[in-house]
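For reference, target35.cif is printed below; it contains mmCIF, C-alpha atoms (C1' of nucleotides).
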data_coords
loop_
_atom_site.label_atom_id
_atom_site.label_comp_id
_atom_site.auth_asym_id
_atom_site.auth_seq_id
_atom_site.Cartn_x
_atom_site.Cartn_y
_atom_site.Cartn_z
CA MET B 1079 34.52 29.11 8.21
CA VAL B 1080 37.82 27.28 8.37
CA GLU B 1081 38.85 25.66 5.10
CA THR B 1082 39.53 22.00 5.68
CA ASN B 1083 40.05 19.07 3.40
CA ARG B 1084 37.82 16.88 5.48
CA ARG B 1085 35.58 14.38 3.90
CA TYR B 1086 32.12 14.18 5.35
CA ARG B 1087 30.02 11.08 5.00
CA ILE B 1088 26.36 11.55 4.39
CA GLY B 1089 25.27 11.36 8.02
CA GLU B 1090 27.63 14.03 9.23
CA PHE B 1091 27.05 16.14 6.17
CA ALA B 1092 23.31 15.96 6.72
CA ARG B 1093 23.75 17.33 10.22
CA LEU B 1094 26.03 20.07 8.94
CA VAL B 1095 23.65 21.38 6.32
CA GLY B 1096 20.45 20.66 8.19
CA LEU B 1097 18.93 18.20 5.75
CA SER B 1098 18.11 14.53 6.20
CA THR B 1099 20.13 11.84 4.50
CA TYR B 1100 16.97 10.98 2.61
CA THR B 1101 16.73 14.47 1.25
CA LEU B 1102 20.40 14.56 0.30
CA ARG B 1103 20.05 11.40 -1.73
CA TYR B 1104 16.84 12.74 -3.20
CA TYR B 1105 18.56 15.96 -4.25
CA GLU B 1106 21.34 13.92 -5.76
CA ASP B 1107 18.81 11.89 -7.74
CA GLN B 1108 17.32 15.13 -8.92
CA GLY B 1109 20.71 16.36 -10.02
CA LEU B 1110 20.93 19.25 -7.58
CA ILE B 1111 24.03 18.05 -5.82
CA LYS B 1112 26.69 15.53 -6.58
CA SER B 1113 28.84 13.57 -4.23
CA GLN B 1114 32.12 11.77 -4.57
CA ARG B 1115 32.71 8.18 -3.59
CA ASP B 1116 35.43 6.52 -1.64
CA GLU B 1117 37.01 3.20 -2.55
CA ASN B 1118 34.01 1.40 -1.07
CA GLY B 1119 31.44 3.34 -2.99
CA VAL B 1120 30.43 5.37 0.03
CA ARG B 1121 29.42 8.98 -0.62
CA TYR B 1122 31.50 11.77 0.74
CA TYR B 1123 31.23 15.52 0.62
CA THR B 1124 33.64 18.40 1.11
CA ASP B 1125 33.52 21.98 2.32
CA LEU B 1126 32.78 23.08 -1.22
CA ASP B 1127 29.65 20.95 -1.09
CA ILE B 1128 28.62 22.65 2.12
CA ARG B 1129 28.79 25.99 0.36
CA TRP B 1130 26.84 24.72 -2.59
CA VAL B 1131 24.09 23.23 -0.47
CA GLY B 1132 24.05 26.45 1.52
CA PHE B 1133 23.46 28.40 -1.63
CA ILE B 1134 20.77 26.00 -2.78
CA LEU B 1135 19.02 26.51 0.51
CA HIS B 1136 19.12 30.25 0.07
CA LEU B 1137 17.50 29.87 -3.31
CA LYS B 1138 14.92 27.48 -1.92
CA GLY B 1139 14.39 29.88 0.92
CA THR B 1140 13.25 32.55 -1.50
CA GLY B 1141 10.59 30.14 -2.71
CA MET B 1142 12.38 28.78 -5.74
CA ARG B 1143 11.19 25.36 -6.74
CA LEU B 1144 13.22 22.30 -7.53
CA ASN B 1145 12.53 22.64 -11.23
CA GLU B 1146 14.01 26.09 -11.39
CA LEU B 1147 16.87 24.96 -9.26
CA LYS B 1148 17.54 22.15 -11.72
CA ARG B 1149 17.56 24.61 -14.56
CA TYR B 1150 20.08 26.69 -12.68
CA VAL B 1151 22.29 23.68 -12.11
CA THR B 1152 22.11 22.76 -15.77
CA LEU B 1153 23.12 26.26 -16.80
CA ARG B 1154 25.96 26.27 -14.33
CA ALA B 1155 27.25 23.03 -15.74
CA ALA B 1156 27.21 24.55 -19.21
CA GLY B 1157 29.90 27.05 -18.31
CA ASP B 1158 30.45 30.80 -18.19
CA ALA B 1159 28.51 31.42 -21.38
CA THR B 1160 25.32 30.92 -19.42
CA ILE B 1161 26.07 33.58 -16.83
CA PRO B 1162 23.62 36.09 -18.29
CA GLU B 1163 20.88 33.51 -18.31
CA ARG B 1164 21.67 32.50 -14.75
CA ARG B 1165 21.64 36.11 -13.74
CA ALA B 1166 18.21 36.51 -15.31
CA LEU B 1167 16.93 33.45 -13.50
CA LEU B 1168 18.11 34.81 -10.19
CA GLN B 1169 16.66 38.22 -10.98
CA ARG B 1170 13.27 36.62 -11.58
CA ALA B 1171 13.57 34.75 -8.31
CA LYS B 1172 14.46 37.98 -6.58
CA ASP B 1173 11.52 39.83 -8.07
CA ASP B 1174 9.19 37.02 -7.09
CA ALA B 1175 10.47 36.99 -3.55
CA GLU B 1176 10.09 40.74 -3.28
CA ALA B 1177 6.54 40.49 -4.52
CA ASP B 1178 5.89 37.78 -1.93
CA ILE B 1179 7.24 39.99 0.80
CA ALA B 1180 5.11 42.89 -0.30
CA GLU B 1181 2.02 40.73 -0.30
CA LEU B 1182 2.85 39.27 3.06
CA GLN B 1183 3.28 42.75 4.46
CA MET B 1184 -0.05 43.82 3.07
CA HIS B 1185 -1.82 40.90 4.73
CA LEU B 1186 0.16 41.52 7.87
CA ALA B 1187 -1.05 45.10 8.03
CA VAL B 1188 -4.67 43.95 8.15
CA LEU B 1189 -3.78 41.41 10.78
CA SER B 1190 -2.13 44.09 12.87
CA HIS B 1191 -5.14 46.33 12.61
CA LYS B 1192 -7.36 43.50 13.68
CA ILE B 1193 -5.20 42.93 16.73
CA ASP B 1194 -5.39 46.64 17.55
CA TRP B 1195 -9.12 46.45 17.15
CA TYR B 1196 -9.28 43.53 19.57
CA ASP B 1197 -7.22 45.56 22.01
CA GLY B 1198 -9.75 48.33 21.67
CA LYS B 1199 -12.56 45.91 22.37
CA ILE B 1200 -10.77 44.48 25.36
CA ASP B 1201 -10.06 47.80 27.06
CA HIS B 1202 -13.23 49.42 25.68
CA THR B 1203 -11.54 52.25 23.85
CA ILE B 1204 -13.49 51.03 20.84
CA ALA B 1205 -17.26 50.93 21.07
CA ASP B 1206 -18.72 47.48 21.37
CA SER B 1207 -20.81 48.27 18.37
CA GLU B 1208 -18.00 49.28 16.03
CA SER B 1209 -17.30 46.65 13.41
CA PHE B 1210 -13.78 45.82 12.30
CA HIS B 1211 -14.79 46.69 8.78
CA ASP B 1212 -15.73 50.22 9.82
CA TYR B 1213 -12.62 50.49 11.95
CA LEU B 1214 -10.47 49.43 9.00
CA GLN B 1215 -11.79 52.20 6.77
CA GLN B 1216 -9.58 54.78 8.43
CA PHE B 1217 -6.47 52.97 7.22
CA ASN B 1218 -7.61 52.45 3.67
CA GLN B 1219 -5.54 54.62 1.42
CA GLU B 1220 -6.82 55.14 -2.08
CA GLY B 1221 -5.75 52.49 -4.53
CA ALA B 1222 -5.71 49.82 -1.86
CA ASP B 1223 -8.90 47.89 -2.16
CA GLN B 1224 -10.06 45.19 0.13
CA PHE B 1225 -8.12 42.36 -1.40
CA GLY B 1226 -5.19 44.16 -2.87
CA LYS B 1227 -6.16 43.21 -6.38
CA GLU B 1228 -5.20 45.70 -9.02
CA MET M 1070 -17.40 49.46 -1.19
CA VAL M 1071 -21.09 50.26 -1.60
CA GLU M 1072 -23.31 48.48 0.85
CA THR M 1073 -25.99 46.57 -1.00
CA ASN M 1074 -28.45 43.92 -0.02
CA ARG M 1075 -27.73 41.90 -3.10
CA ARG M 1076 -27.67 38.18 -2.98
CA TYR M 1077 -24.84 36.56 -4.84
CA ARG M 1078 -25.09 33.01 -6.04
CA ILE M 1079 -22.00 30.92 -5.83
CA GLY M 1080 -20.75 31.57 -9.35
CA GLU M 1081 -20.86 35.33 -9.05
CA PHE M 1082 -19.58 35.25 -5.52
CA ALA M 1083 -16.64 33.11 -6.59
CA ARG M 1084 -15.68 35.71 -9.16
CA LEU M 1085 -16.04 38.49 -6.60
CA VAL M 1086 -13.75 36.93 -4.03
CA GLY M 1087 -11.37 35.25 -6.44
CA LEU M 1088 -12.00 31.68 -5.42
CA SER M 1089 -13.44 28.80 -7.41
CA THR M 1090 -16.91 27.45 -6.67
CA TYR M 1091 -15.19 24.22 -5.72
CA THR M 1092 -13.12 25.96 -3.14
CA LEU M 1093 -16.09 27.84 -1.73
CA ARG M 1094 -18.00 24.60 -1.18
CA TYR M 1095 -14.86 23.04 0.22
CA TYR M 1096 -14.46 25.89 2.69
CA GLU M 1097 -18.07 25.53 3.63
CA ASP M 1098 -17.55 21.81 4.26
CA GLN M 1099 -14.61 22.73 6.41
CA GLY M 1100 -16.74 25.16 8.37
CA LEU M 1101 -14.84 28.28 7.34
CA ILE M 1102 -17.74 29.99 5.70
CA LYS M 1103 -21.46 29.51 5.74
CA SER M 1104 -24.00 30.36 3.11
CA GLN M 1105 -27.71 30.91 3.16
CA ARG M 1106 -30.16 29.13 0.91
CA ASP M 1107 -33.03 30.39 -1.15
CA GLU M 1108 -36.39 28.63 -1.45
CA ASN M 1109 -34.87 26.18 -3.91
CA GLY M 1110 -31.97 25.23 -1.73
CA VAL M 1111 -29.54 27.28 -3.79
CA ARG M 1112 -26.68 28.93 -1.90
CA TYR M 1113 -26.43 32.66 -1.73
CA TYR M 1114 -24.02 35.08 -0.16
CA THR M 1115 -24.15 38.72 0.88
CA ASP M 1116 -21.74 41.62 1.22
CA LEU M 1117 -21.03 40.54 4.76
CA ASP M 1118 -19.79 37.25 3.37
CA ILE M 1119 -17.52 39.10 0.99
CA ARG M 1120 -15.93 40.82 3.96
CA TRP M 1121 -15.56 37.60 5.85
CA VAL M 1122 -13.97 35.78 2.95
CA GLY M 1123 -11.75 38.80 2.45
CA PHE M 1124 -10.57 38.56 5.99
CA ILE M 1125 -10.03 34.82 5.71
CA LEU M 1126 -7.88 35.45 2.66
CA HIS M 1127 -5.81 37.95 4.57
CA LEU M 1128 -5.22 35.37 7.27
CA LYS M 1129 -4.40 32.72 4.70
CA GLY M 1130 -2.16 35.22 3.00
CA THR M 1131 -0.01 35.45 6.10
CA GLY M 1132 0.48 31.69 5.86
CA MET M 1133 -2.16 30.59 8.33
CA ARG M 1134 -3.40 27.09 7.70
CA LEU M 1135 -6.94 25.86 7.43
CA ASN M 1136 -6.72 24.19 10.83
CA GLU M 1137 -5.85 27.42 12.58
CA LEU M 1138 -8.47 29.20 10.59
CA LYS M 1139 -11.02 26.66 11.77
CA ARG M 1140 -10.00 27.25 15.33
CA TYR M 1141 -10.47 30.95 14.83
CA VAL M 1142 -13.92 30.40 13.40
CA THR M 1143 -14.85 28.19 16.33
CA LEU M 1144 -13.71 30.81 18.80
CA ARG M 1145 -15.59 33.50 16.97
CA ALA M 1146 -18.76 31.47 17.14
CA ALA M 1147 -18.30 31.10 20.88
CA GLY M 1148 -18.81 34.81 21.43
CA ASP M 1149 -16.98 37.78 22.93
CA ALA M 1150 -15.54 35.78 25.79
CA THR M 1151 -13.04 34.31 23.37
CA ILE M 1152 -11.69 37.64 22.19
CA PRO M 1153 -8.45 37.38 24.18
CA GLU M 1154 -7.83 33.93 22.76
CA ARG M 1155 -8.56 35.11 19.26
CA ARG M 1156 -6.23 38.02 19.78
CA ALA M 1157 -3.52 35.62 20.88
CA LEU M 1158 -4.07 33.44 17.85
CA LEU M 1159 -3.72 36.42 15.55
CA GLN M 1160 -0.66 37.60 17.41
CA ARG M 1161 0.97 34.25 16.86
CA ALA M 1162 0.09 34.42 13.19
CA LYS M 1163 1.56 37.89 13.04
CA ASP M 1164 4.77 36.82 14.73
CA ASP M 1165 5.08 33.87 12.37
CA ALA M 1166 4.54 36.03 9.34
CA GLU M 1167 7.11 38.53 10.55
CA ALA M 1168 9.59 35.74 11.06
CA ASP M 1169 8.86 34.50 7.56
CA ILE M 1170 9.49 37.94 6.15
CA ALA M 1171 12.76 38.25 8.02
CA GLU M 1172 13.91 34.90 6.72
CA LEU M 1173 12.85 35.72 3.21
CA GLN M 1174 14.79 38.96 3.38
CA MET M 1175 17.86 37.16 4.59
CA HIS M 1176 17.76 34.74 1.68
CA LEU M 1177 17.00 37.61 -0.64
CA ALA M 1178 20.12 39.44 0.47
CA VAL M 1179 22.30 36.54 -0.60
CA LEU M 1180 20.46 36.35 -3.88
CA SER M 1181 21.05 40.04 -4.47
CA HIS M 1182 24.73 39.70 -3.76
CA LYS M 1183 24.94 36.81 -6.18
CA ILE M 1184 23.32 38.94 -8.85
CA ASP M 1185 25.81 41.73 -8.16
CA TRP M 1186 28.57 39.21 -8.37
CA TYR M 1187 27.31 38.05 -11.78
CA ASP M 1188 27.23 41.67 -12.87
CA GLY M 1189 30.83 41.96 -11.81
CA LYS M 1190 31.70 38.88 -13.80
CA ILE M 1191 29.85 40.15 -16.84
CA ASP M 1192 31.53 43.56 -16.94
CA HIS M 1193 34.81 42.23 -15.50
CA THR M 1194 34.89 44.50 -12.48
CA ILE M 1195 35.28 41.29 -10.50
CA ALA M 1196 38.22 39.07 -11.29
CA ASP M 1197 37.37 35.89 -13.17
CA SER M 1198 39.06 34.01 -10.41
CA GLU M 1199 37.13 35.44 -7.48
CA SER M 1200 34.63 32.99 -6.07
CA PHE M 1201 31.21 34.05 -4.91
CA HIS M 1202 32.03 32.63 -1.51
CA ASP M 1203 35.02 34.96 -1.17
CA TYR M 1204 33.02 37.86 -2.54
CA LEU M 1205 30.27 37.21 -0.01
CA GLN M 1206 32.64 37.48 2.94
CA GLN M 1207 32.66 41.26 2.78
CA PHE M 1208 28.96 41.37 3.60
CA ASN M 1209 29.07 38.90 6.41
CA GLN M 1210 28.46 40.77 9.62
CA GLU M 1211 29.31 38.98 12.80
CA GLY M 1212 26.56 36.82 14.11
CA ALA M 1213 25.27 36.01 10.65
CA ASP M 1214 26.63 32.65 9.69
CA GLN M 1215 26.24 31.00 6.37
CA PHE M 1216 22.80 29.59 6.89
CA GLY M 1217 21.35 32.01 9.36
CA LYS M 1218 21.05 29.32 12.00
CA GLU M 1219 21.43 30.55 15.53
"C1'" DG O 299 -36.85 22.78 -25.02
"C1'" DG O 300 -32.06 23.29 -24.74
"C1'" DT O 301 -28.40 25.65 -22.34
"C1'" DT O 302 -26.75 27.30 -18.12
"C1'" DG O 303 -25.90 27.15 -13.50
"C1'" DA O 304 -27.04 25.46 -9.52
"C1'" DC O 305 -27.64 21.25 -6.22
"C1'" DT O 306 -26.00 16.49 -3.70
"C1'" DT O 307 -22.39 12.83 -1.88
"C1'" DA O 308 -18.42 10.58 -2.12
"C1'" DA O 309 -14.38 9.34 -4.00
"C1'" DA O 310 -10.37 9.96 -6.73
"C1'" DG O 311 -6.79 12.89 -8.64
"C1'" DT O 312 -3.16 16.67 -8.55
"C1'" DG O 313 1.26 18.86 -7.29
"C1'" DC O 314 5.00 19.47 -4.60
"C1'" DA O 315 8.69 17.97 -1.83
"C1'" DC O 316 9.89 15.07 0.66
"C1'" DT O 317 9.94 10.73 3.79
"C1'" DC O 318 10.09 6.12 4.67
"C1'" DG O 319 10.47 1.14 4.28
"C1'" DA O 320 11.69 -3.26 2.34
"C1'" DA O 321 15.30 -6.36 1.40
"C1'" DG O 322 19.72 -7.51 1.00
"C1'" DG O 323 24.55 -6.06 0.89
"C1'" DT O 324 29.46 -4.10 2.56
"C1'" DG O 325 32.72 -2.28 5.73
"C1'" DT O 326 34.24 -0.33 10.31
"C1'" DT O 327 33.96 -0.05 15.20
"C1'" DT O 328 33.18 -1.96 20.04
"C1'" DA S 1332 29.70 -11.07 16.90
"C1'" DA S 1333 26.71 -7.47 17.25
"C1'" DA S 1334 25.94 -2.75 16.28
"C1'" DC S 1335 26.28 0.88 13.28
"C1'" DA S 1336 26.56 3.57 9.16
"C1'" DC S 1337 26.58 3.27 4.84
"C1'" DC S 1338 25.08 1.28 0.03
"C1'" DT S 1339 21.25 -0.06 -3.79
"C1'" DT S 1340 16.38 0.17 -6.22
"C1'" DC S 1341 11.93 1.40 -6.19
"C1'" DG S 1342 7.66 1.88 -4.83
"C1'" DA S 1343 4.49 3.54 -1.43
"C1'" DG S 1344 3.14 6.92 2.03
"C1'" DT S 1345 2.59 11.76 3.91
"C1'" DG S 1346 0.57 16.43 4.27
"C1'" DC S 1347 -1.69 20.12 2.60
"C1'" DA S 1348 -5.07 22.38 -0.04
"C1'" DC S 1349 -7.44 22.08 -3.25
"C1'" DT S 1350 -9.58 20.24 -7.86
"C1'" DT S 1351 -12.17 17.34 -10.51
"C1'" DT S 1352 -15.37 13.80 -11.76
"C1'" DA S 1353 -19.40 11.07 -11.61
"C1'" DA S 1354 -24.22 10.63 -11.70
"C1'" DG S 1355 -28.36 12.34 -11.13
"C1'" DT S 1356 -31.72 16.30 -10.06
"C1'" DC S 1357 -33.84 20.89 -10.42
"C1'" DA S 1358 -35.20 25.54 -11.89
"C1'" DA S 1359 -34.64 29.77 -14.51
"C1'" DC S 1360 -33.66 32.01 -18.95
"C1'" DC S 1361 -33.94 32.66 -24.08
#
As a first step, turn the structure in this file into structure tokens.
Amino acid sequence: MVETNRRYRIGEFARLVGLSTYTLRYYEDQGLIKSQRDENGVRYYTDLDIRWVGFILHLKGTGMRLNELKRYVTLRAAGDATIPERRALLQRAKDDAEADIAELQMHLAVLSHKIDWYDGKIDHTIADSESFHDYLQQFNQEGADQFGKE
Amino acid sequence: MVETNRRYRIGEFARLVGLSTYTLRYYEDQGLIKSQRDENGVRYYTDLDIRWVGFILHLKGTGMRLNELKRYVTLRAAGDATIPERRALLQRAKDDAEADIAELQMHLAVLSHKIDWYDGKIDHTIADSESFHDYLQQFNQEGADQFGKE
DNA sequence: GGTTGACTTAAAGTGCACTCGAAGGTGTTT
DNA sequence: AAACACCTTCGAGTGCACTTTAAGTCAACC
């Protein structure tokens, strides 16, 4: 967290942010990050770049795709006037990620029940004859159909 | 949820489970599902198959890959003796999915803060000069570094 | 008797995000 | 002087899970 003026060459930078040098150059090609060059044309990065890549990785981590990320970068480059649009883009990403989480949790619930059911089978607290489907019924609240479709 | 003895041909079945006919045949090739055939060699499926595909989709929904799914199917075919192993496989899937959710939520938190920060910029309750990085500091609990690496 | 929907195998195509290699170069370190 | 890390372009390869096409056949429905 210490603010330094160090220059990081691509190899060290890659280790710092957890990406490969290939990927860093690829992202640069794609316009997601930029690097500066020393007098020999060798890329270098700074602490500010670490932050930026960190943020990119958070966005990617929510499932945002490179295309959206590029759009974000373009807006950012266009100045403060695009703040509302950037906000909207992030809001959409947030909503998407929340929907993903909700879906994941729904699937997870079934998985958990199945594990419980196996436990019942293993220690015989559930009859050998009881099917998982029947067992599941007791957890089915109204409105939640088998696949979670609306 | 009504139990019928209906036979569904692939087209109807595809609509019922939300997969394409291509995908159903592909899954069959991969050994994930099986179908029966009528006297003309035409595939048909039953309500039991709907349940099975439903369950498969729950597993897939937690991020399980076809390979793992295949392993599960193989174990299932091998009978009750494999129940502990199947349980373990599902437990791993569950743990993975929970880790995914936790990670997603971590990234989401940063995203939310960034949105709040934009809101501050828009209504000027945050100084024009304050960087997101500085703003973020106030939410950083100890142990949570920038990228969530351990 | 034409449309629809099913069947087969096998191969190619798609989309995404990398990931790698070739081939030839520069500069710094041991 | 060798080893190492970096540079370039650019095209090919990878992995996953489909998705589509081709080419030909068959049977039911209107």
*Could you state which residues are captured by the PyMOL selection byres ((chain S) within 10 of (chain B)) in this file, as a VMD selection string?*
chain S and resid 1336 to 1338
Compile a residue-level contact table for chain B against chain M at a cut-off of 6 Å, reporting for every qualifying residue the shortest atom pair and its distance in Å to one decimal, with only C-alpha atoms counted, rows ordered by chain and ascending number, as JSON lines.
{"residue": "B:His1136", "atom": "CA", "partner": "M:His1176", "partner_atom": "CA", "distance": 5.0}
{"residue": "B:Gly1139", "atom": "CA", "partner": "M:His1176", "partner_atom": "CA", "distance": 6.0}
{"residue": "B:Thr1140", "atom": "CA", "partner": "M:Leu1173", "partner_atom": "CA", "distance": 5.7}
{"residue": "B:Arg1165", "atom": "CA", "partner": "M:Ile1184", "partner_atom": "CA", "distance": 5.9}
{"residue": "B:Leu1182", "atom": "CA", "partner": "M:Thr1131", "partner_atom": "CA", "distance": 5.7}
{"residue": "B:His1185", "atom": "CA", "partner": "M:His1127", "partner_atom": "CA", "distance": 5.0}
{"residue": "B:Ile1193", "atom": "CA", "partner": "M:Arg1156", "partner_atom": "CA", "distance": 5.9}
*asked:* Show me, as a list in words, the residues of chain O whose atoms get within 12 Å of chain B, using all atoms listed in the file for the distance check.
replied: DG313, DC314, DA315, DC316, DT317, DC318, DG319, DT324, DG325 and DT326 of chain O
_For DA1348 (chain S), the nearest of the candidates O:DT312, O:DG322, O:DT328, O:DG299, counting all atoms listed in the file_ =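 Among the listed residues, O:DT312 lies closest to DA1348 (chain S).
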*Evaluate the PyMOL selection byres ((chain B and resi 1112) around 12) and record the selected residues as a PyMOL selection string, following the chain and residue labels used in the document.*
chain B and resi 1088+1102-1111+1113-1115+1121-1124+1126-1128+1130-1131+1151+1155
Per-axis box centre and lengths in Å around region 1205-1210 of chain M, 6 Å margin per side, axis-aligned, as AutoDock Vina command-line options:
--center_x 30.6 --center_y 39.3 --center_z 4.8 --size_x 16.2 --size_y 16.2 --size_z 21.6
_Exercise: region 1353-1355 of chain S partners within 12 Å, only C-alpha atoms (C1' of nucleotides), chain neighbours under 4 positions left out, as a PyMOL selection string_ = chain O and resi 305-310
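Distance-wise, CA of Arg1161 (chain M) and CA of Leu1214 (chain B) end up 20.6 Å apart.
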_Applying the PyMOL selection byres ((chain O and resi 302) around 10) to the file I just gave you, which residues come out? Please list them as a list in words._
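With the shown file as input, the PyMOL selection byres ((chain O and resi 302) around 10) matches DG300, DT301, DG303 and DA304 of chain O; DA1359 and DC1360 of chain S.
The space between C1' of DC1341 (chain S) and C1' of DA321 (chain O) spans 11.4 Å.
Going from C1' of DG1346 (chain S) over to CA of Asn1145 (chain B), you cover 20.5 Å.
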*Find the spatial neighbours of DA320 (chain O), counting only C-alpha atoms (C1' of nucleotides), within a cut-off of 12 Å - ignore same-chain residues fewer than 3 positions away - and output them as a PyMOL selection string.*
chain S and resi 1339-1343
Could you add whatever atoms are missing so that region 1127-1151 of chain B carries N, CA and C atoms, then write the result as a PDB file, keeping the file's coordinate frame?
ATOM      1  N   ASP B1127      31.034  21.419  -1.008  1.00  0.00           N
ATOM      2  CA  ASP B1127      29.650  20.950  -1.090  1.00  0.00           C
ATOM      3  C   ASP B1127      28.774  21.634  -0.046  1.00  0.00           C
ATOM      4  N   ILE B1128      29.379  21.932   1.096  1.00  0.00           N
ATOM      5  CA  ILE B1128      28.620  22.650   2.120  1.00  0.00           C
ATOM      6  C   ILE B1128      28.188  24.011   1.594  1.00  0.00           C
ATOM      7  N   ARG B1129      29.122  24.682   0.943  1.00  0.00           N
ATOM      8  CA  ARG B1129      28.790  25.990   0.360  1.00  0.00           C
ATOM      9  C   ARG B1129      27.688  25.873  -0.672  1.00  0.00           C
ATOM     10  N   TRP B1130      27.813  24.876  -1.513  1.00  0.00           N
ATOM     11  CA  TRP B1130      26.840  24.720  -2.590  1.00  0.00           C
ATOM     12  C   TRP B1130      25.447  24.433  -2.029  1.00  0.00           C
ATOM     13  N   VAL B1131      25.391  23.528  -1.085  1.00  0.00           N
ATOM     14  CA  VAL B1131      24.090  23.230  -0.470  1.00  0.00           C
ATOM     15  C   VAL B1131      23.560  24.470   0.243  1.00  0.00           C
ATOM     16  N   GLY B1132      24.464  25.208   0.864  1.00  0.00           N
ATOM     17  CA  GLY B1132      24.050  26.450   1.520  1.00  0.00           C
ATOM     18  C   GLY B1132      23.399  27.393   0.524  1.00  0.00           C
ATOM     19  N   PHE B1133      24.015  27.502  -0.619  1.00  0.00           N
ATOM     20  CA  PHE B1133      23.460  28.400  -1.630  1.00  0.00           C
ATOM     21  C   PHE B1133      22.111  27.908  -2.134  1.00  0.00           C
ATOM     22  N   ILE B1134      22.046  26.608  -2.378  1.00  0.00           N
ATOM     23  CA  ILE B1134      20.770  26.000  -2.780  1.00  0.00           C
ATOM     24  C   ILE B1134      19.679  26.325  -1.781  1.00  0.00           C
ATOM     25  N   LEU B1135      20.029  26.256  -0.522  1.00  0.00           N
ATOM     26  CA  LEU B1135      19.020  26.510   0.510  1.00  0.00           C
ATOM     27  C   LEU B1135      18.604  27.975   0.551  1.00  0.00           C
ATOM     28  N   HIS B1136      19.519  28.848   0.183  1.00  0.00           N
ATOM     29  CA  HIS B1136      19.120  30.250   0.070  1.00  0.00           C
ATOM     30  C   HIS B1136      18.120  30.424  -1.068  1.00  0.00           C
ATOM     31  N   LEU B1137      18.412  29.754  -2.171  1.00  0.00           N
ATOM     32  CA  LEU B1137      17.500  29.870  -3.310  1.00  0.00           C
ATOM     33  C   LEU B1137      16.142  29.272  -2.949  1.00  0.00           C
ATOM     34  N   LYS B1138      16.164  28.098  -2.355  1.00  0.00           N
ATOM     35  CA  LYS B1138      14.920  27.480  -1.920  1.00  0.00           C
ATOM     36  C   LYS B1138      14.196  28.387  -0.936  1.00  0.00           C
ATOM     37  N   GLY B1139      14.964  29.015  -0.098  1.00  0.00           N
ATOM     38  CA  GLY B1139      14.390  29.880   0.920  1.00  0.00           C
ATOM     39  C   GLY B1139      13.651  31.078   0.346  1.00  0.00           C
ATOM     40  N   THR B1140      13.996  31.464  -0.864  1.00  0.00           N
ATOM     41  CA  THR B1140      13.250  32.550  -1.500  1.00  0.00           C
ATOM     42  C   THR B1140      12.010  32.023  -2.201  1.00  0.00           C
ATOM     43  N   GLY B1141      11.792  30.711  -2.101  1.00  0.00           N
ATOM     44  CA  GLY B1141      10.590  30.140  -2.710  1.00  0.00           C
ATOM     45  C   GLY B1141      10.844  29.480  -4.053  1.00  0.00           C
ATOM     46  N   MET B1142      12.098  29.409  -4.464  1.00  0.00           N
ATOM     47  CA  MET B1142      12.380  28.780  -5.740  1.00  0.00           C
ATOM     48  C   MET B1142      12.077  27.281  -5.677  1.00  0.00           C
ATOM     49  N   ARG B1143      11.552  26.774  -6.751  1.00  0.00           N
ATOM     50  CA  ARG B1143      11.190  25.360  -6.740  1.00  0.00           C
ATOM     51  C   ARG B1143      12.276  24.493  -7.335  1.00  0.00           C
ATOM     52  N   LEU B1144      12.171  23.219  -7.078  1.00  0.00           N
ATOM     53  CA  LEU B1144      13.220  22.300  -7.530  1.00  0.00           C
ATOM     54  C   LEU B1144      13.443  22.378  -9.030  1.00  0.00           C
ATOM     55  N   ASN B1145      12.392  22.544  -9.781  1.00  0.00           N
ATOM     56  CA  ASN B1145      12.530  22.640 -11.230  1.00  0.00           C
ATOM     57  C   ASN B1145      13.426  23.778 -11.668  1.00  0.00           C
ATOM     58  N   GLU B1146      13.206  24.912 -11.078  1.00  0.00           N
ATOM     59  CA  GLU B1146      14.010  26.090 -11.390  1.00  0.00           C
ATOM     60  C   GLU B1146      15.455  25.863 -10.953  1.00  0.00           C
ATOM     61  N   LEU B1147      15.565  25.272  -9.804  1.00  0.00           N
ATOM     62  CA  LEU B1147      16.870  24.960  -9.260  1.00  0.00           C
ATOM     63  C   LEU B1147      17.629  24.034 -10.215  1.00  0.00           C
ATOM     64  N   LYS B1148      16.924  23.073 -10.766  1.00  0.00           N
ATOM     65  CA  LYS B1148      17.540  22.150 -11.720  1.00  0.00           C
ATOM     66  C   LYS B1148      18.014  22.891 -12.950  1.00  0.00           C
ATOM     67  N   ARG B1149      17.181  23.815 -13.393  1.00  0.00           N
ATOM     68  CA  ARG B1149      17.560  24.610 -14.560  1.00  0.00           C
ATOM     69  C   ARG B1149      18.843  25.381 -14.259  1.00  0.00           C
ATOM     70  N   TYR B1150      18.893  25.935 -13.090  1.00  0.00           N
ATOM     71  CA  TYR B1150      20.080  26.690 -12.680  1.00  0.00           C
ATOM     72  C   TYR B1150      21.322  25.804 -12.694  1.00  0.00           C
ATOM     73  N   VAL B1151      21.163  24.619 -12.158  1.00  0.00           N
ATOM     74  CA  VAL B1151      22.290  23.680 -12.110  1.00  0.00           C
ATOM     75  C   VAL B1151      22.747  23.312 -13.515  1.00  0.00           C
TER      76      VAL B1151
END
